[in-house]
$ cat run_19.txt   # compact mmCIF, C-alpha atoms
# COMPACT_ATOMS: atom_id res chain seq x y z
CA MET G 971 18.23 9.62 -85.57
CA LYS G 972 15.94 10.60 -88.43
CA GLN G 973 13.83 7.90 -90.06
CA LEU G 974 15.09 8.84 -93.51
CA SER G 975 17.95 10.75 -95.09
CA LEU G 976 17.28 11.80 -98.66
CA VAL G 977 20.39 12.50 -100.78
CA ILE G 978 19.86 14.59 -103.92
CA CYS G 979 22.85 15.38 -106.16
CA VAL G 980 22.37 18.46 -108.34
CA TYR G 981 24.42 20.22 -110.98
CA ASN G 982 22.91 23.25 -112.74
CA GLU G 983 19.32 22.33 -111.87
CA GLU G 984 18.04 25.74 -110.72
CA LEU G 985 14.57 25.36 -112.28
CA ASN G 986 14.01 21.94 -110.70
CA ILE G 987 14.85 22.78 -107.07
CA LYS G 988 11.63 24.48 -106.00
CA PRO G 989 9.16 21.97 -107.53
CA LEU G 990 11.27 19.06 -106.25
CA SER G 991 11.30 20.42 -102.69
CA VAL G 992 7.51 20.86 -102.81
CA GLN G 993 7.09 17.27 -104.01
CA ILE G 994 9.42 15.96 -101.30
CA LYS G 995 7.48 17.75 -98.56
CA ALA G 996 4.19 16.33 -99.86
CA ALA G 997 5.51 12.78 -100.37
CA LEU G 998 7.31 12.54 -97.00
CA LYS G 999 4.81 14.42 -94.82
CA ASP G 1000 4.36 11.38 -92.55
CA ILE G 1001 8.08 10.59 -92.28
CA ASP G 1002 10.71 12.21 -90.05
CA PHE G 1003 13.24 13.05 -92.75
CA GLU G 1004 16.20 15.18 -93.71
CA ALA G 1005 16.89 16.13 -97.34
CA ILE G 1006 20.52 16.76 -98.28
CA PHE G 1007 21.05 18.63 -101.54
CA VAL G 1008 24.62 18.05 -102.73
CA ASP G 1009 25.58 20.86 -105.08
CA ASP G 1010 28.30 19.48 -107.36
CA GLY G 1011 29.87 22.81 -108.35
CA SER G 1012 26.87 24.37 -110.12
CA THR G 1013 27.50 27.52 -112.14
CA ASP G 1014 23.88 28.76 -112.22
CA ARG G 1015 21.50 29.74 -109.38
CA THR G 1016 21.07 26.21 -108.03
CA ARG G 1017 22.59 27.03 -104.62
CA GLU G 1018 20.42 30.15 -104.22
CA GLU G 1019 17.30 28.13 -105.02
CA ILE G 1020 18.20 25.53 -102.40
CA LYS G 1021 18.81 28.21 -99.77
CA ALA G 1022 15.41 29.73 -100.62
CA ILE G 1023 13.65 26.55 -99.45
CA ASN G 1024 14.19 27.88 -95.92
CA ASP G 1025 13.26 24.65 -94.13
CA GLU G 1026 15.25 23.13 -91.27
CA ARG G 1027 14.77 19.68 -92.77
CA PHE G 1028 16.59 20.68 -95.96
CA PHE G 1029 20.38 20.98 -96.06
CA LEU G 1030 22.79 22.33 -98.67
CA LEU G 1031 26.10 20.52 -98.97
CA GLU G 1032 28.34 22.55 -101.29
CA LEU G 1033 31.28 20.91 -103.04
CA LYS G 1034 34.19 23.17 -104.00
CA LYS G 1035 34.09 22.11 -107.65
CA ASN G 1036 32.40 19.65 -109.99
CA TYR G 1037 33.59 16.21 -108.88
CA GLY G 1038 31.02 14.06 -110.70
CA GLN G 1039 28.01 12.08 -109.59
CA SER G 1040 29.83 9.32 -107.72
CA SER G 1041 31.81 11.69 -105.50
CA ALA G 1042 28.72 13.86 -104.91
CA LEU G 1043 26.71 10.80 -103.88
CA GLN G 1044 29.47 9.71 -101.51
CA ALA G 1045 29.55 13.17 -99.92
CA GLY G 1046 25.79 13.03 -99.35
CA ILE G 1047 25.92 9.49 -97.99
CA ASP G 1048 28.72 10.45 -95.58
CA ALA G 1049 26.54 13.30 -94.28
CA ALA G 1050 23.38 11.19 -93.98
CA SER G 1051 22.33 10.14 -90.48
CA GLY G 1052 18.93 8.56 -91.08
CA GLU G 1053 17.95 5.00 -90.28
CA TYR G 1054 17.29 4.64 -94.01
CA VAL G 1055 19.05 6.48 -96.83
CA ALA G 1056 17.36 7.23 -100.16
CA LEU G 1057 19.08 8.43 -103.33
CA ILE G 1058 17.15 10.44 -105.91
CA ASP G 1059 18.01 12.51 -108.97
CA GLY G 1060 17.53 16.26 -108.85
CA ASP G 1061 16.01 16.55 -112.35
CA LEU G 1062 12.39 15.64 -111.40
CA GLN G 1063 12.50 12.44 -113.43
CA ASN G 1064 12.38 10.31 -110.26
CA ASP G 1065 9.15 10.63 -108.26
CA PRO G 1066 9.56 11.25 -104.49
CA ALA G 1067 6.09 9.72 -104.02
CA ASP G 1068 7.67 6.27 -104.56
CA ILE G 1069 9.99 6.63 -101.56
CA PRO G 1070 7.50 5.81 -98.73
CA MET G 1071 6.50 2.60 -100.52
CA MET G 1072 10.13 1.59 -101.02
CA MET G 1073 11.03 2.47 -97.46
CA LYS G 1074 8.11 0.43 -96.08
CA MET G 1075 9.15 -2.48 -98.27
CA ALA G 1076 12.74 -2.29 -96.98
CA LYS G 1077 11.53 -2.16 -93.37
CA ASP G 1078 8.79 -4.80 -93.48
CA GLU G 1079 10.79 -7.32 -95.52
CA SER G 1080 14.26 -6.53 -94.09
CA TRP G 1081 15.91 -5.59 -97.39
CA ASP G 1082 19.37 -4.01 -97.43
CA MET G 1083 18.46 -2.21 -100.65
CA VAL G 1084 15.29 -1.57 -102.61
CA ALA G 1085 16.16 -0.32 -106.10
CA GLY G 1086 13.80 1.41 -108.47
CA VAL G 1087 13.08 0.10 -111.96
CA ARG G 1088 11.92 2.67 -114.50
CA ALA G 1089 9.10 0.53 -115.89
CA ASN G 1090 7.80 3.13 -118.36
CA ARG G 1091 10.90 5.15 -119.03
CA LYS G 1092 10.42 8.64 -120.49
CA ASP G 1093 13.73 8.99 -122.32
CA GLY G 1094 14.88 8.91 -125.92
CA ALA G 1095 15.39 5.43 -127.36
CA PHE G 1096 18.65 5.94 -129.27
CA LEU G 1097 20.65 8.00 -126.77
CA ARG G 1098 19.28 6.62 -123.49
CA LYS G 1099 17.16 3.47 -123.59
CA ILE G 1100 19.13 1.27 -126.01
CA PRO G 1101 22.61 2.03 -124.52
CA SER G 1102 21.12 1.54 -121.05
CA LYS G 1103 19.67 -1.88 -121.93
CA ILE G 1104 23.01 -3.01 -123.39
CA ALA G 1105 24.93 -1.75 -120.36
CA ASN G 1106 22.48 -3.37 -117.93
CA TYR G 1107 22.77 -6.71 -119.75
CA LEU G 1108 26.57 -6.65 -119.74
CA ILE G 1109 26.72 -5.68 -116.06
CA ARG G 1110 24.26 -8.42 -115.09
CA GLU G 1111 26.21 -11.07 -116.98
CA ALA G 1112 29.61 -9.92 -115.72
CA THR G 1113 28.75 -9.36 -112.05
CA GLY G 1114 25.87 -11.77 -111.50
CA ILE G 1115 23.73 -8.97 -110.05
CA ARG G 1116 20.25 -9.62 -111.42
CA MET G 1117 18.94 -6.06 -111.46
CA LYS G 1118 16.84 -4.85 -114.39
CA ASP G 1119 17.73 -1.17 -114.20
CA LEU G 1120 21.12 -0.41 -112.66
CA GLY G 1121 21.01 3.14 -114.02
CA CYS G 1122 18.03 4.24 -111.95
CA THR G 1123 19.26 6.52 -109.17
CA LEU G 1124 16.15 6.06 -107.02
CA LYS G 1125 17.14 3.56 -104.33
CA VAL G 1126 16.49 3.07 -100.61
CA PHE G 1127 19.09 1.50 -98.29
CA THR G 1128 19.55 0.74 -94.65
CA ASN G 1129 22.09 3.08 -93.13
CA GLU G 1130 24.42 0.19 -92.27
CA SER G 1131 24.45 -1.24 -95.79
CA ILE G 1132 25.11 2.00 -97.70
CA LYS G 1133 27.76 3.12 -95.21
CA SER G 1134 29.62 -0.17 -95.73
CA ILE G 1135 30.73 0.84 -99.24
CA HIS G 1136 32.70 3.69 -100.79
CA ILE G 1137 31.88 5.00 -104.27
CA TYR G 1138 34.96 6.04 -106.26
CA GLY G 1139 35.42 7.19 -109.85
CA GLU G 1140 32.06 6.63 -111.58
CA LEU G 1141 31.02 3.48 -109.74
CA HIS G 1142 27.58 4.83 -108.81
CA ARG G 1143 26.16 2.54 -111.51
CA PHE G 1144 27.59 -0.45 -109.65
CA ILE G 1145 26.24 0.22 -106.14
CA PRO G 1146 24.38 -3.16 -106.01
CA ALA G 1147 27.60 -4.95 -107.01
CA LEU G 1148 29.59 -3.02 -104.39
CA LEU G 1149 27.02 -3.99 -101.75
CA ALA G 1150 27.27 -7.63 -102.81
CA LEU G 1151 31.07 -7.46 -102.45
CA GLU G 1152 30.56 -6.30 -98.86
CA GLY G 1153 28.27 -9.24 -98.11
CA SER G 1154 24.84 -7.64 -98.57
CA THR G 1155 22.55 -10.30 -100.06
CA LYS G 1156 19.15 -8.79 -99.33
CA LEU G 1157 18.80 -6.74 -102.52
CA THR G 1158 15.56 -6.31 -104.42
CA GLN G 1159 13.87 -4.07 -106.97
CA VAL G 1160 10.45 -2.60 -107.60
CA ASP G 1161 8.80 -0.69 -110.45
CA VAL G 1162 8.74 3.08 -109.94
CA ASN G 1163 7.34 6.08 -111.76
CA HIS G 1164 9.57 7.84 -114.26
CA ARG G 1165 8.90 11.23 -115.78
CA ALA G 1166 10.20 13.18 -118.73
CA ARG G 1167 12.63 16.01 -118.00
CA GLU G 1168 10.86 19.38 -118.05
CA PHE G 1169 13.62 21.83 -117.12
CA GLY G 1170 17.34 21.97 -117.73
CA LYS G 1171 19.58 19.77 -119.87
CA SER G 1172 20.53 16.14 -119.40
CA LYS G 1173 24.15 15.55 -118.38
CA TYR G 1174 24.15 12.16 -120.12
CA ASN G 1175 25.88 11.48 -123.44
CA LEU G 1176 27.26 8.47 -125.28
CA SER G 1177 30.84 9.34 -124.25
CA ARG G 1178 30.07 7.67 -120.93
CA THR G 1179 29.86 4.28 -122.67
CA THR G 1180 33.63 3.71 -122.62
CA ARG G 1181 33.72 4.61 -118.90
CA VAL G 1182 31.01 2.05 -118.19
CA PHE G 1183 33.06 -0.68 -119.89
CA SER G 1184 36.20 0.38 -118.00
CA ASP G 1185 34.32 0.31 -114.69
CA LEU G 1186 32.81 -3.06 -115.61
CA ILE G 1187 36.30 -4.56 -116.03
CA LEU G 1188 37.22 -3.15 -112.62
CA MET G 1189 34.07 -4.61 -110.99
CA VAL G 1190 34.73 -8.06 -112.46
CA PHE G 1191 38.28 -7.92 -111.09
CA LEU G 1192 37.08 -6.78 -107.65
CA LYS G 1193 34.39 -9.46 -107.55
CA LYS G 1194 36.68 -12.35 -108.47
CA TYR G 1195 40.19 -11.33 -107.42
CA MET G 1196 39.99 -8.58 -104.79
CA GLN G 1197 41.36 -10.87 -102.07
CA ARG G 1198 43.64 -12.91 -104.33
CA PRO G 1199 45.12 -10.67 -107.04
CA MET G 1200 48.14 -12.97 -107.42
CA HIS G 1201 45.83 -15.64 -108.85
CA PHE G 1202 44.97 -13.24 -111.69
CA PHE G 1203 48.29 -11.57 -112.43
CA GLY G 1204 50.36 -14.59 -111.45
CA GLY G 1205 48.32 -16.91 -113.69
CA ILE G 1206 48.83 -14.66 -116.70
CA GLY G 1207 52.50 -14.22 -115.78
CA ILE G 1208 53.22 -17.95 -115.49
CA VAL G 1209 51.57 -18.73 -118.84
CA THR G 1210 53.37 -15.84 -120.56
CA LEU G 1211 56.71 -16.71 -118.99
CA GLY G 1212 56.28 -20.37 -119.90
CA LEU G 1213 55.57 -19.55 -123.56
CA GLY G 1214 58.60 -17.26 -123.63
CA PHE G 1215 60.86 -19.98 -122.24
CA LEU G 1216 59.55 -22.52 -124.77
CA ILE G 1217 60.21 -20.15 -127.67
CA ASN G 1218 63.70 -19.31 -126.38
CA PHE G 1219 64.50 -23.00 -125.82
CA TYR G 1220 63.42 -23.74 -129.42
CA LEU G 1221 65.67 -20.93 -130.67
CA LEU G 1222 68.53 -22.19 -128.52
CA MET G 1223 68.25 -25.63 -130.14
CA LEU G 1224 68.28 -24.00 -133.59
CA LYS G 1225 71.42 -22.08 -132.66
CA ILE G 1226 73.13 -25.21 -131.33
CA PHE G 1227 72.44 -26.95 -134.65
CA GLY G 1228 74.01 -24.10 -136.57
CA HIS G 1229 71.02 -22.07 -137.71
CA ASP G 1230 71.08 -18.29 -137.68
CA ILE G 1231 68.40 -16.96 -135.33
CA TRP G 1232 69.38 -13.29 -135.17
CA GLY G 1233 66.67 -10.91 -136.48
CA LYS G 1234 63.88 -13.49 -136.46
CA PRO G 1235 60.53 -12.06 -135.26
CA ILE G 1236 60.05 -15.11 -133.05
CA LEU G 1237 63.21 -14.15 -131.13
CA ILE G 1238 61.73 -10.74 -130.29
CA LEU G 1239 58.42 -12.41 -129.34
CA GLY G 1240 60.19 -14.80 -126.98
CA MET G 1241 62.05 -11.96 -125.25
CA ILE G 1242 58.87 -9.91 -124.88
CA LEU G 1243 56.98 -12.88 -123.40
CA VAL G 1244 59.69 -13.57 -120.85
CA MET G 1245 59.90 -9.93 -119.75
CA GLY G 1246 56.12 -9.61 -119.76
CA GLY G 1247 55.70 -12.75 -117.67
CA ILE G 1248 58.17 -11.46 -115.08
CA GLN G 1249 56.31 -8.13 -114.97
CA PHE G 1250 52.90 -9.76 -114.49
CA ILE G 1251 54.21 -11.89 -111.61
CA THR G 1252 55.82 -8.79 -110.05
CA ILE G 1253 52.54 -6.85 -110.38
CA GLY G 1254 50.75 -9.76 -108.70
CA ILE G 1255 53.15 -9.66 -105.75
CA MET G 1256 52.73 -5.88 -105.44
CA ALA G 1257 48.93 -6.21 -105.63
CA GLU G 1258 49.01 -8.81 -102.84
CA ILE G 1259 50.99 -6.41 -100.65
CA LEU G 1260 48.55 -3.57 -101.42
CA MET G 1261 45.58 -5.82 -100.67
CA ARG G 1262 47.00 -6.69 -97.26
CA THR G 1263 47.73 -3.00 -96.60
CA TYR G 1264 44.13 -2.15 -97.58
CA TYR G 1265 42.65 -4.56 -95.05
CA GLU G 1266 45.18 -4.38 -92.22
CA GLY G 1267 45.83 -0.62 -92.47
CA GLN G 1268 42.12 0.11 -91.93
CA ASP G 1269 41.49 -2.83 -89.62
CA LYS G 1270 39.07 -4.18 -92.23
CA LYS G 1271 38.19 -7.86 -92.39
CA PRO G 1272 38.06 -9.92 -95.60
CA TYR G 1273 34.71 -11.28 -94.40
CA ARG G 1274 31.46 -9.98 -92.91
CA VAL G 1275 29.67 -11.81 -90.08
CA LYS G 1276 25.93 -12.19 -90.50
CA LYS G 1277 25.28 -13.05 -86.84
CA ILE G 1278 26.67 -15.04 -83.92
CA LYS G 1279 24.81 -16.30 -80.88
CA PRO G 1280 24.75 -19.35 -78.55
CA THR G 1281 23.35 -22.54 -80.05
CA ASN G 1282 20.67 -22.77 -77.36
CA GLU G 1283 19.12 -19.55 -78.66
CA TYR G 1284 18.46 -20.89 -82.15
$ encode --input "run_19.txt" --output "structure tokens"
Amino acid sequence: MKQLSLVICVYNEELNIKPLSVQIKAALKDIDFEAIFVDDGSTDRTREEIKAINDERFFLLELKKNYGQSSALQAGIDAASGEYVALIDGDLQNDPADIPMMMKMAKDESWDMVAGVRANRKDGAFLRKIPSKIANYLIREATGIRMKDLGCTLKVFTNESIKSIHIYGELHRFIPALLALEGSTKLTQVDVNHRAREFGKSKYNLSRTTRVFSDLILMVFLKKYMQRPMHFFGGIGIVTLGLGFLINFYLLMLKIFGHDIWGKPILILGMILVMGGIQFITIGIMAEILMRTYYEGQDKKPYRVKKIKPTNEY
């Protein structure tokens, strides 16, 4: 087993490959490492530049098309075999020289994850820094994960911790929260160097903001209701159904006393609430069945054991 697996996701980064590989070799010269470049369907000469590195420690993992950063990261993580796994951007903004320090920190202090914090970030304020600060604040408040910079790709994990999660959609921003869901509590952060982009174009734009909010709603649901979805959907359903019954009972009394109730907006509201309540409860039941299938179909447990040993060994 290698000491370190370095996962680098790239998409149209041909001018950054050579200088990045040189920096990696210099930074990790005292570490037994493998570097896995995940090409996420580049349309320029990125793949040719990676092949030109011509070093047995560097690997090219080619995806058939552009799947996005989360899927590319998952592909690299699945291929990683090192005792520790590091994630780094392929645009030269992260500094490979920070990795040995982070890896030593993870090893000496037994951290599951050491995340980088871009202390002196070299990005534009309006398009990058301000939206990032807002997103980080919302994610911290919603998930309880007290990380300053969730958008920094540079992170070092133990192999066991990063392999315990699966990154779907665009959940790469929520890796610390996903780790926490799987029972990893040893998560920390450290200031790292951040550099301005020299070559190529940033793939970031403000259109990602809506996706972040959508993913945040999903993470809050997974954190609070993953193992008890009926408590969420059923609670909404019971309240909605109850309000519908109250409205319909009120209308029934009006009808009994001779009032005309046909065409009243409140009648339509009552019917919608009753049907909606039934649907929410049904969704809750279906979600409970899916949750049990998720755990039992993969022989997964709804808990993670920290350790177990005889009492006389404590």
$ residues_around --input "run_19.txt" --residues "range 1060-1064 of chain G" --least-positions-apart "2" --cutoff "8 Å" --atoms "all atoms listed in the file" --output "PyMOL selection string"
chain G and resi 978-980+983+986-987+990+1058+1066+1123-1124+1163-1170
$ closest_residue --input "run_19.txt" --among "G:Pro1235, G:Pro989, G:Gly1086, G:Gly1247" --to "Val1126 in chain G" --atoms "all atoms listed in the file"
G:Gly1086
$ atom_distance --input "run_19.txt" --atom1 "CA of Leu1043 in chain G" --atom2 "CA of Leu1260 in chain G"
26.3 Å
$ atom_distance --input "run_19.txt" --atom1 "CA of Ile1006 in chain G" --atom2 "CA of Arg1027 in chain G"
8.5 Å
$ closest_residue --input "run_19.txt" --among "G:Gly1204, G:Pro1070, G:Gly1011, G:Pro1146" --to "Met1083 in chain G" --atoms "only C-alpha atoms"
G:Pro1146
$ closest_residue --input "run_19.txt" --among "G:Ile1047, G:Ile1206, G:Leu1108, G:Ile1238" --to "Ile1135 in chain G" --atoms "only C-alpha atoms"
G:Ile1047
$ atom_distance --input "run_19.txt" --atom1 "CA of Phe1215 in chain G" --atom2 "CA of Ile1236 in chain G"
11.9 Å
$ closest_residue --input "run_19.txt" --among "G:Val1209, G:Ala1042, G:Leu1237, G:Ala1257" --to "Gln1197 in chain G" --atoms "all atoms listed in the file"
G:Ala1257
$ residues_around --input "run_19.txt" --residues "Glu1004 in chain G" --least-positions-apart "5" --cutoff "12 Å" --atoms "all atoms listed in the file" --output "list in words"
Met971, Lys972, Gln973, Leu974, Ser975, Leu976, Val977, Ile978, Ser991, Ile994, Lys995, Leu998, Lys999, Asp1025, Glu1026, Arg1027, Phe1028, Phe1029, Leu1030, Gly1046, Ala1049, Ala1050, Ser1051, Gly1052, Glu1053, Tyr1054, Val1055 and Ala1056 of chain G
$ decode --input "run_19.txt" --residues "range 984-1016 of chain G" --atoms "N, CA and C atoms" --output "tab-separated table (two decimals), in the first residue's frame"
chain	number	residue	atom	x	y	z
G	984	GLU	N	-5.05	21.87	-19.79
G	984	GLU	CA	-3.83	21.42	-20.46
G	984	GLU	C	-2.59	22.22	-20.05
G	985	LEU	N	-2.72	23.52	-19.82
G	985	LEU	CA	-1.55	24.34	-19.49
G	985	LEU	C	-1.12	24.17	-18.03
G	986	ASN	N	-1.97	23.58	-17.21
G	986	ASN	CA	-1.64	23.43	-15.79
G	986	ASN	C	-1.02	22.07	-15.45
G	987	ILE	N	-1.14	21.10	-16.35
G	987	ILE	CA	-0.71	19.73	-16.02
G	987	ILE	C	0.79	19.63	-15.75
G	988	LYS	N	1.60	20.13	-16.66
G	988	LYS	CA	3.05	20.00	-16.50
G	988	LYS	C	3.57	20.70	-15.25
G	989	PRO	N	3.25	22.00	-15.03
G	989	PRO	CA	3.75	22.63	-13.80
G	989	PRO	C	3.22	21.98	-12.53
G	990	LEU	N	1.98	21.49	-12.57
G	990	LEU	CA	1.43	20.83	-11.38
G	990	LEU	C	2.17	19.53	-11.10
G	991	SER	N	2.47	18.75	-12.11
G	991	SER	CA	3.20	17.49	-11.90
G	991	SER	C	4.59	17.75	-11.34
G	992	VAL	N	5.24	18.81	-11.81
G	992	VAL	CA	6.57	19.18	-11.30
G	992	VAL	C	6.46	19.55	-9.82
G	993	GLN	N	5.45	20.32	-9.47
G	993	GLN	CA	5.27	20.73	-8.07
G	993	GLN	C	4.95	19.53	-7.18
G	994	ILE	N	4.17	18.60	-7.68
G	994	ILE	CA	3.83	17.40	-6.91
G	994	ILE	C	5.09	16.58	-6.63
G	995	LYS	N	5.90	16.38	-7.64
G	995	LYS	CA	7.15	15.62	-7.46
G	995	LYS	C	8.04	16.27	-6.42
G	996	ALA	N	8.15	17.59	-6.46
G	996	ALA	CA	9.01	18.30	-5.51
G	996	ALA	C	8.43	18.25	-4.09
G	997	ALA	N	7.11	18.44	-3.97
G	997	ALA	CA	6.48	18.49	-2.65
G	997	ALA	C	6.44	17.13	-1.96
G	998	LEU	N	6.30	16.05	-2.77
G	998	LEU	CA	6.11	14.71	-2.19
G	998	LEU	C	7.34	13.82	-2.39
G	999	LYS	N	8.51	14.42	-2.51
G	999	LYS	CA	9.72	13.65	-2.80
G	999	LYS	C	10.07	12.67	-1.69
G	1000	ASP	N	9.63	12.93	-0.47
G	1000	ASP	CA	9.94	12.04	0.66
G	1000	ASP	C	8.78	11.12	1.01
G	1001	ILE	N	7.76	11.08	0.16
G	1001	ILE	CA	6.56	10.28	0.43
G	1001	ILE	C	6.35	9.28	-0.70
G	1002	ASP	N	6.01	8.04	-0.34
G	1002	ASP	CA	5.68	7.02	-1.33
G	1002	ASP	C	4.25	7.26	-1.79
G	1003	PHE	N	4.08	7.86	-2.97
G	1003	PHE	CA	2.76	8.31	-3.39
G	1003	PHE	C	2.39	7.80	-4.78
G	1004	GLU	N	1.10	7.89	-5.06
G	1004	GLU	CA	0.57	7.74	-6.41
G	1004	GLU	C	-0.31	8.95	-6.68
G	1005	ALA	N	-0.25	9.49	-7.89
G	1005	ALA	CA	-1.06	10.64	-8.27
G	1005	ALA	C	-2.02	10.20	-9.37
G	1006	ILE	N	-3.32	10.34	-9.11
G	1006	ILE	CA	-4.34	9.90	-10.05
G	1006	ILE	C	-5.01	11.12	-10.66
G	1007	PHE	N	-4.70	11.39	-11.92
G	1007	PHE	CA	-5.38	12.45	-12.65
G	1007	PHE	C	-6.68	11.88	-13.21
G	1008	VAL	N	-7.80	12.47	-12.81
G	1008	VAL	CA	-9.10	12.05	-13.34
G	1008	VAL	C	-9.52	13.06	-14.40
G	1009	ASP	N	-9.48	12.64	-15.66
G	1009	ASP	CA	-9.87	13.53	-16.74
G	1009	ASP	C	-11.38	13.43	-16.95
G	1010	ASP	N	-12.07	14.53	-16.66
G	1010	ASP	CA	-13.53	14.54	-16.69
G	1010	ASP	C	-14.04	14.98	-18.06
G	1011	GLY	N	-13.63	14.23	-19.10
G	1011	GLY	CA	-14.13	14.50	-20.45
G	1011	GLY	C	-13.58	15.75	-21.09
G	1012	SER	N	-12.29	16.04	-20.90
G	1012	SER	CA	-11.68	17.25	-21.47
G	1012	SER	C	-11.75	17.22	-22.99
G	1013	THR	N	-11.86	18.42	-23.58
G	1013	THR	CA	-11.92	18.54	-25.03
G	1013	THR	C	-10.66	19.18	-25.60
G	1014	ASP	N	-9.68	19.48	-24.74
G	1014	ASP	CA	-8.41	20.05	-25.21
G	1014	ASP	C	-7.32	18.98	-25.12
G	1015	ARG	N	-6.08	19.36	-24.91
G	1015	ARG	CA	-4.96	18.42	-24.87
G	1015	ARG	C	-4.61	17.98	-23.45
G	1016	THR	N	-5.55	18.04	-22.55
G	1016	THR	CA	-5.27	17.67	-21.16
G	1016	THR	C	-4.76	16.23	-21.06
